[in-house]
Amino acid sequence: MLAEVGAYGVNFHDNDLVPIDATPAERDRIVRDFKNALKATGIVVPMATTNLFGDPVFKDGAFTSNDPKVRAYALQKTMQAIDLGVELDAKIYVFWGGREGAETDAGKNPLEAMKRMREAMNFLCEYVREQGYNLKFALEAKPNEPRGDIYLATTGHMLAFIATLDHPEMVGVNPEVAHEHMAGLNFLHNVAQAWDAGKLFHIDLNDQNFARYDQDFRFGSHNFKQAFFLVKFLEDVGYAGPRHFDAHAYRSEDVAGVKDFATGCMRTYLILKEKAAQFNADKEIQALLAEINAEVPEMTPLLGKYSTQKAAALKTHTFDREIIAKRGLKYERLDQLVFELLMGVR
Ligand code: MG
């Protein structure tokens, strides 16, 4: 069906493909059938991941569980799922720790949880290196649901955590629109920070109303202005990773409706990509941006890299705050032009 609607690839949790209680023979048969389907349709598997949240064994988390048996089982399950992902040619391996959190801090020590998470990531990085796999990890944050609170709640938290790992170069992030919106954050800003850090290994596109449960709506279905700025950013910087839609059709749909949903995600991205090109080519918009961002030659020698001379010059320079503050920045006009462009009246 994905091939029919023109999708490029498919991603899966290990247990989306192979049931958690499958025998080795069942696993091999399912994987063989799946590979044949990939071959017949031309669909690829750019990313794979582990389900470490669905089974009751993970009720108190996987890598951060208080039970060493659960932590060890989670490592075993993940190594097996990594083997499966690599067998299907995945190059990115996503970690979303759906149960890595707590409802009460009485029973779990957050500092200990961090240490356990780090230990697990370091263990799995070494496993991938020893196998000689061409695989990178992408960590996906979410602030809560299905735990009261989930550790490493946002993409920014993940970026800080990655810097503490033994092989930070192997590990990046997989920001998801809905997850950052649940935290009330500006998704684009977080994606920009991840890009700036060289850590935008993957992205989960969907949509979400603010202050709601994890809605996983069709990409661009709710906040299409924010979706526009996101697509514009990804296209402008030349993000080369998969445009992955981690979303669900409305539960009201039949099979045709699910196809409408999948087509809609892709079509919306492509429409917004065209709108971004239109924005970049629009003379009035670009003239406003040039005016807003104009250099002030007098300031050039005072800004940029630090020097003793610059610091001394800056300390004695006289600024006319009132004159500077009087300048209007024309964001109202610019934002209205964006709205008109998106509405197709421009
Ligand atoms: Mg996701």
# chains A, B, ... in the order shown; residues from 1 in each chain; ligands from 1
call {"tool": "residues_near_ligand", "arguments": {"ligand": "ligand 1", "cutoff": "7 Å", "atoms": "only C-alpha atoms and all ligand atoms", "output": "MDAnalysis selection string"}}
result
chainID A and resid 140 176 204 246
call {"tool": "residues_around", "arguments": {"residues": "Leu288 of chain A", "least_positions_apart": "6", "cutoff": "12 Å", "atoms": "only C-alpha atoms", "output": "JSON, numbers by chain"}}
result
{"A": [279, 280, 282, 294, 328, 329, 330, 331, 332, 333, 334, 335, 337, 338]}
call {"tool": "write_last_selection", "arguments": {"atoms": "all heavy atoms", "output": "short mmCIF file (atom, residue, chain, number, x, y, z; two decimals), in the first residue's frame"}}
result
data_model
loop_
_atom_site.label_atom_id
_atom_site.label_comp_id
_atom_site.auth_asym_id
_atom_site.auth_seq_id
_atom_site.Cartn_x
_atom_site.Cartn_y
_atom_site.Cartn_z
N PHE A 279 8.57 31.66 -1.34
CA PHE A 279 8.98 32.64 -0.31
C PHE A 279 10.38 33.17 -0.65
O PHE A 279 10.63 34.38 -0.60
CB PHE A 279 8.98 31.94 1.05
CG PHE A 279 9.42 32.79 2.22
CD1 PHE A 279 8.49 33.36 3.08
CD2 PHE A 279 10.78 33.00 2.49
CE1 PHE A 279 8.89 34.12 4.17
CE2 PHE A 279 11.19 33.77 3.57
CZ PHE A 279 10.23 34.34 4.42
N ASN A 280 11.28 32.24 -1.00
CA ASN A 280 12.66 32.65 -1.28
C ASN A 280 12.78 33.48 -2.55
O ASN A 280 13.76 34.22 -2.73
CB ASN A 280 13.57 31.42 -1.37
CG ASN A 280 13.75 30.75 -0.02
OD1 ASN A 280 13.57 31.39 1.02
ND2 ASN A 280 14.11 29.48 -0.01
N ASP A 282 10.21 35.52 -3.68
CA ASP A 282 9.26 36.65 -3.63
C ASP A 282 10.02 37.96 -3.39
O ASP A 282 10.66 38.14 -2.35
CB ASP A 282 8.25 36.40 -2.51
CG ASP A 282 7.11 37.40 -2.51
OD1 ASP A 282 7.39 38.63 -2.35
OD2 ASP A 282 5.96 36.97 -2.67
N ALA A 294 19.75 44.21 7.41
CA ALA A 294 20.83 45.03 6.82
C ALA A 294 21.99 45.22 7.80
O ALA A 294 21.78 45.42 9.01
CB ALA A 294 20.27 46.38 6.40
N GLY A 328 10.99 50.37 13.58
CA GLY A 328 10.03 49.27 13.47
C GLY A 328 10.62 48.18 12.60
O GLY A 328 11.36 48.46 11.66
N LEU A 329 10.31 46.94 12.92
CA LEU A 329 10.96 45.84 12.20
C LEU A 329 10.10 45.20 11.12
O LEU A 329 10.53 44.28 10.45
CB LEU A 329 11.45 44.80 13.21
CG LEU A 329 12.70 45.29 13.96
CD1 LEU A 329 12.96 44.44 15.18
CD2 LEU A 329 13.92 45.32 13.05
N LYS A 330 8.87 45.66 10.97
CA LYS A 330 8.02 45.23 9.84
C LYS A 330 7.69 43.73 9.86
O LYS A 330 7.43 43.14 8.82
CB LYS A 330 8.65 45.62 8.50
CG LYS A 330 8.90 47.13 8.42
CD LYS A 330 9.32 47.58 7.06
CE LYS A 330 9.51 49.10 7.07
NZ LYS A 330 10.09 49.63 5.86
N TYR A 331 7.74 43.12 11.02
CA TYR A 331 7.39 41.69 11.10
C TYR A 331 5.90 41.49 10.84
O TYR A 331 5.49 40.43 10.35
CB TYR A 331 7.74 41.12 12.48
CG TYR A 331 9.23 41.03 12.76
CD1 TYR A 331 9.68 40.83 14.07
CD2 TYR A 331 10.18 41.13 11.76
CE1 TYR A 331 11.03 40.75 14.35
CE2 TYR A 331 11.53 41.06 12.03
CZ TYR A 331 11.95 40.86 13.34
OH TYR A 331 13.29 40.77 13.62
N GLU A 332 5.08 42.46 11.20
CA GLU A 332 3.64 42.35 10.93
C GLU A 332 3.40 42.20 9.44
O GLU A 332 2.66 41.31 9.00
CB GLU A 332 2.89 43.57 11.47
CG GLU A 332 2.72 43.60 12.98
CD GLU A 332 1.68 42.61 13.49
OE1 GLU A 332 1.09 41.86 12.69
OE2 GLU A 332 1.48 42.57 14.73
N ARG A 333 4.00 43.07 8.68
CA ARG A 333 3.83 43.04 7.21
C ARG A 333 4.36 41.72 6.66
O ARG A 333 3.71 41.06 5.85
CB ARG A 333 4.60 44.24 6.62
CG ARG A 333 4.63 44.28 5.11
CD ARG A 333 3.32 44.75 4.51
NE ARG A 333 3.25 44.55 3.08
CZ ARG A 333 2.21 44.02 2.43
NH1 ARG A 333 1.14 43.66 3.09
NH2 ARG A 333 2.22 43.87 1.14
N LEU A 334 5.53 41.34 7.14
CA LEU A 334 6.17 40.12 6.64
C LEU A 334 5.32 38.88 6.95
O LEU A 334 5.10 38.02 6.09
CB LEU A 334 7.56 39.99 7.28
CG LEU A 334 8.48 38.92 6.75
CD1 LEU A 334 8.74 39.10 5.25
CD2 LEU A 334 9.80 38.94 7.50
N ASP A 335 4.82 38.81 8.16
CA ASP A 335 4.03 37.65 8.57
C ASP A 335 2.72 37.58 7.79
O ASP A 335 2.26 36.49 7.43
CB ASP A 335 3.75 37.72 10.07
CG ASP A 335 3.20 36.41 10.58
OD1 ASP A 335 3.93 35.41 10.57
OD2 ASP A 335 2.01 36.37 10.95
N LEU A 337 2.33 38.61 4.78
CA LEU A 337 2.71 38.14 3.43
C LEU A 337 2.87 36.61 3.43
O LEU A 337 2.49 35.94 2.47
CB LEU A 337 4.01 38.82 2.97
CG LEU A 337 3.90 40.32 2.65
CD1 LEU A 337 5.26 40.90 2.29
CD2 LEU A 337 2.91 40.56 1.51
N VAL A 338 3.41 36.07 4.52
CA VAL A 338 3.53 34.61 4.64
C VAL A 338 2.14 33.98 4.63
O VAL A 338 1.89 32.99 3.93
CB VAL A 338 4.29 34.21 5.93
CG1 VAL A 338 4.22 32.72 6.16
CG2 VAL A 338 5.73 34.68 5.87
#
call {"tool": "residues_around", "arguments": {"residues": "segment 210-212 of chain A", "least_positions_apart": "4", "cutoff": "10 Å", "atoms": "only C-alpha atoms", "output": "ChimeraX atom specification"}}
result
/A:178,180-185,222-223
call {"tool": "residues_around", "arguments": {"residues": "Val191 of chain A", "least_positions_apart": "2", "cutoff": "10 Å", "atoms": "only C-alpha atoms", "output": "JSON, numbers by chain"}}
result
{"A": [155, 156, 173, 174, 175, 176, 177, 180, 186, 187, 188, 189, 193, 194, 195, 196, 197, 199, 200, 203, 230, 233, 234]}
call {"tool": "select_by_dssp", "arguments": {"residues": "segment 212-318 of chain A", "states": "helix (DSSP H, G or I)", "output": "ChimeraX atom specification"}}
result
/A:224-237,255-281,283-292,297-302,308-316
call {"tool": "select_by_dssp", "arguments": {"residues": "segment 151-261 of chain A", "states": "strand (DSSP E or B)", "output": "number ranges by chain"}}
result
A: 171-173, 176, 200, 204-205, 207, 217, 244-245
call {"tool": "atom_distance", "arguments": {"atom1": "atom CA of Lys91 of chain A", "atom2": "atom CA of Asn11 of chain A"}}
result
11.2 Å
call {"tool": "closest_atom_pairs", "arguments": {"of": "segment 118-154 of chain A", "to": "segment 43-57 of chain A", "cutoff": "10 Å", "atoms": "only C-alpha atoms", "output": "CSV"}}
result
residue,atom,partner,partner_atom,distance
A:Leu135,CA,A:Met47,CA,9.4
A:Lys136,CA,A:Met47,CA,9.6
A:Phe137,CA,A:Thr49,CA,9.5
A:Ala138,CA,A:Met47,CA,9.6
A:Pro146,CA,A:Phe53,CA,8.7
call {"tool": "closest_residue", "arguments": {"among": "A:Glu235, A:Asp60, A:Glu4, A:Glu112", "to": "Gly148 of chain A", "atoms": "only C-alpha atoms"}}
result
A:Asp60
call {"tool": "closest_residue", "arguments": {"among": "A:Val86, A:Ala325, A:Leu152, A:Ala7", "to": "Gly132 of chain A", "atoms": "only C-alpha atoms"}}
result
A:Val86
call {"tool": "residues_around", "arguments": {"residues": "Leu303 of chain A", "least_positions_apart": "6", "cutoff": "10 Å", "atoms": "only C-alpha atoms", "output": "PyMOL selection string"}}
result
chain A and resi 310-311+314
call {"tool": "write_last_selection", "arguments": {"atoms": "C-alpha atoms", "output": "compact mmCIF listing (two decimals), in the first residue's frame"}}
result
# COMPACT_ATOMS: atom_id res chain seq x y z
CA LYS A 310 37.12 45.42 20.08
CA ALA A 311 36.28 45.14 23.74
CA LEU A 314 32.88 48.79 22.51
call {"tool": "closest_residue", "arguments": {"among": "A:Val5, A:Ala120, A:Val18, A:Leu270", "to": "Tyr73 of chain A", "atoms": "only C-alpha atoms"}}
result
A:Ala120
call {"tool": "closest_residue", "arguments": {"among": "A:Thr300, A:Asp254, A:Phe228, A:Pro242", "to": "Lys273 of chain A", "atoms": "only C-alpha atoms"}}
result
A:Phe228
call {"tool": "atom_distance", "arguments": {"atom1": "atom CA of Lys77 of chain A", "atom2": "atom CA of Ile20 of chain A"}}
result
9.3 Å
call {"tool": "residues_around", "arguments": {"residues": "Ala3 of chain A", "least_positions_apart": "4", "cutoff": "10 Å", "atoms": "only C-alpha atoms", "output": "PyMOL selection string"}}
result
chain A and resi 7-10+38+40-44
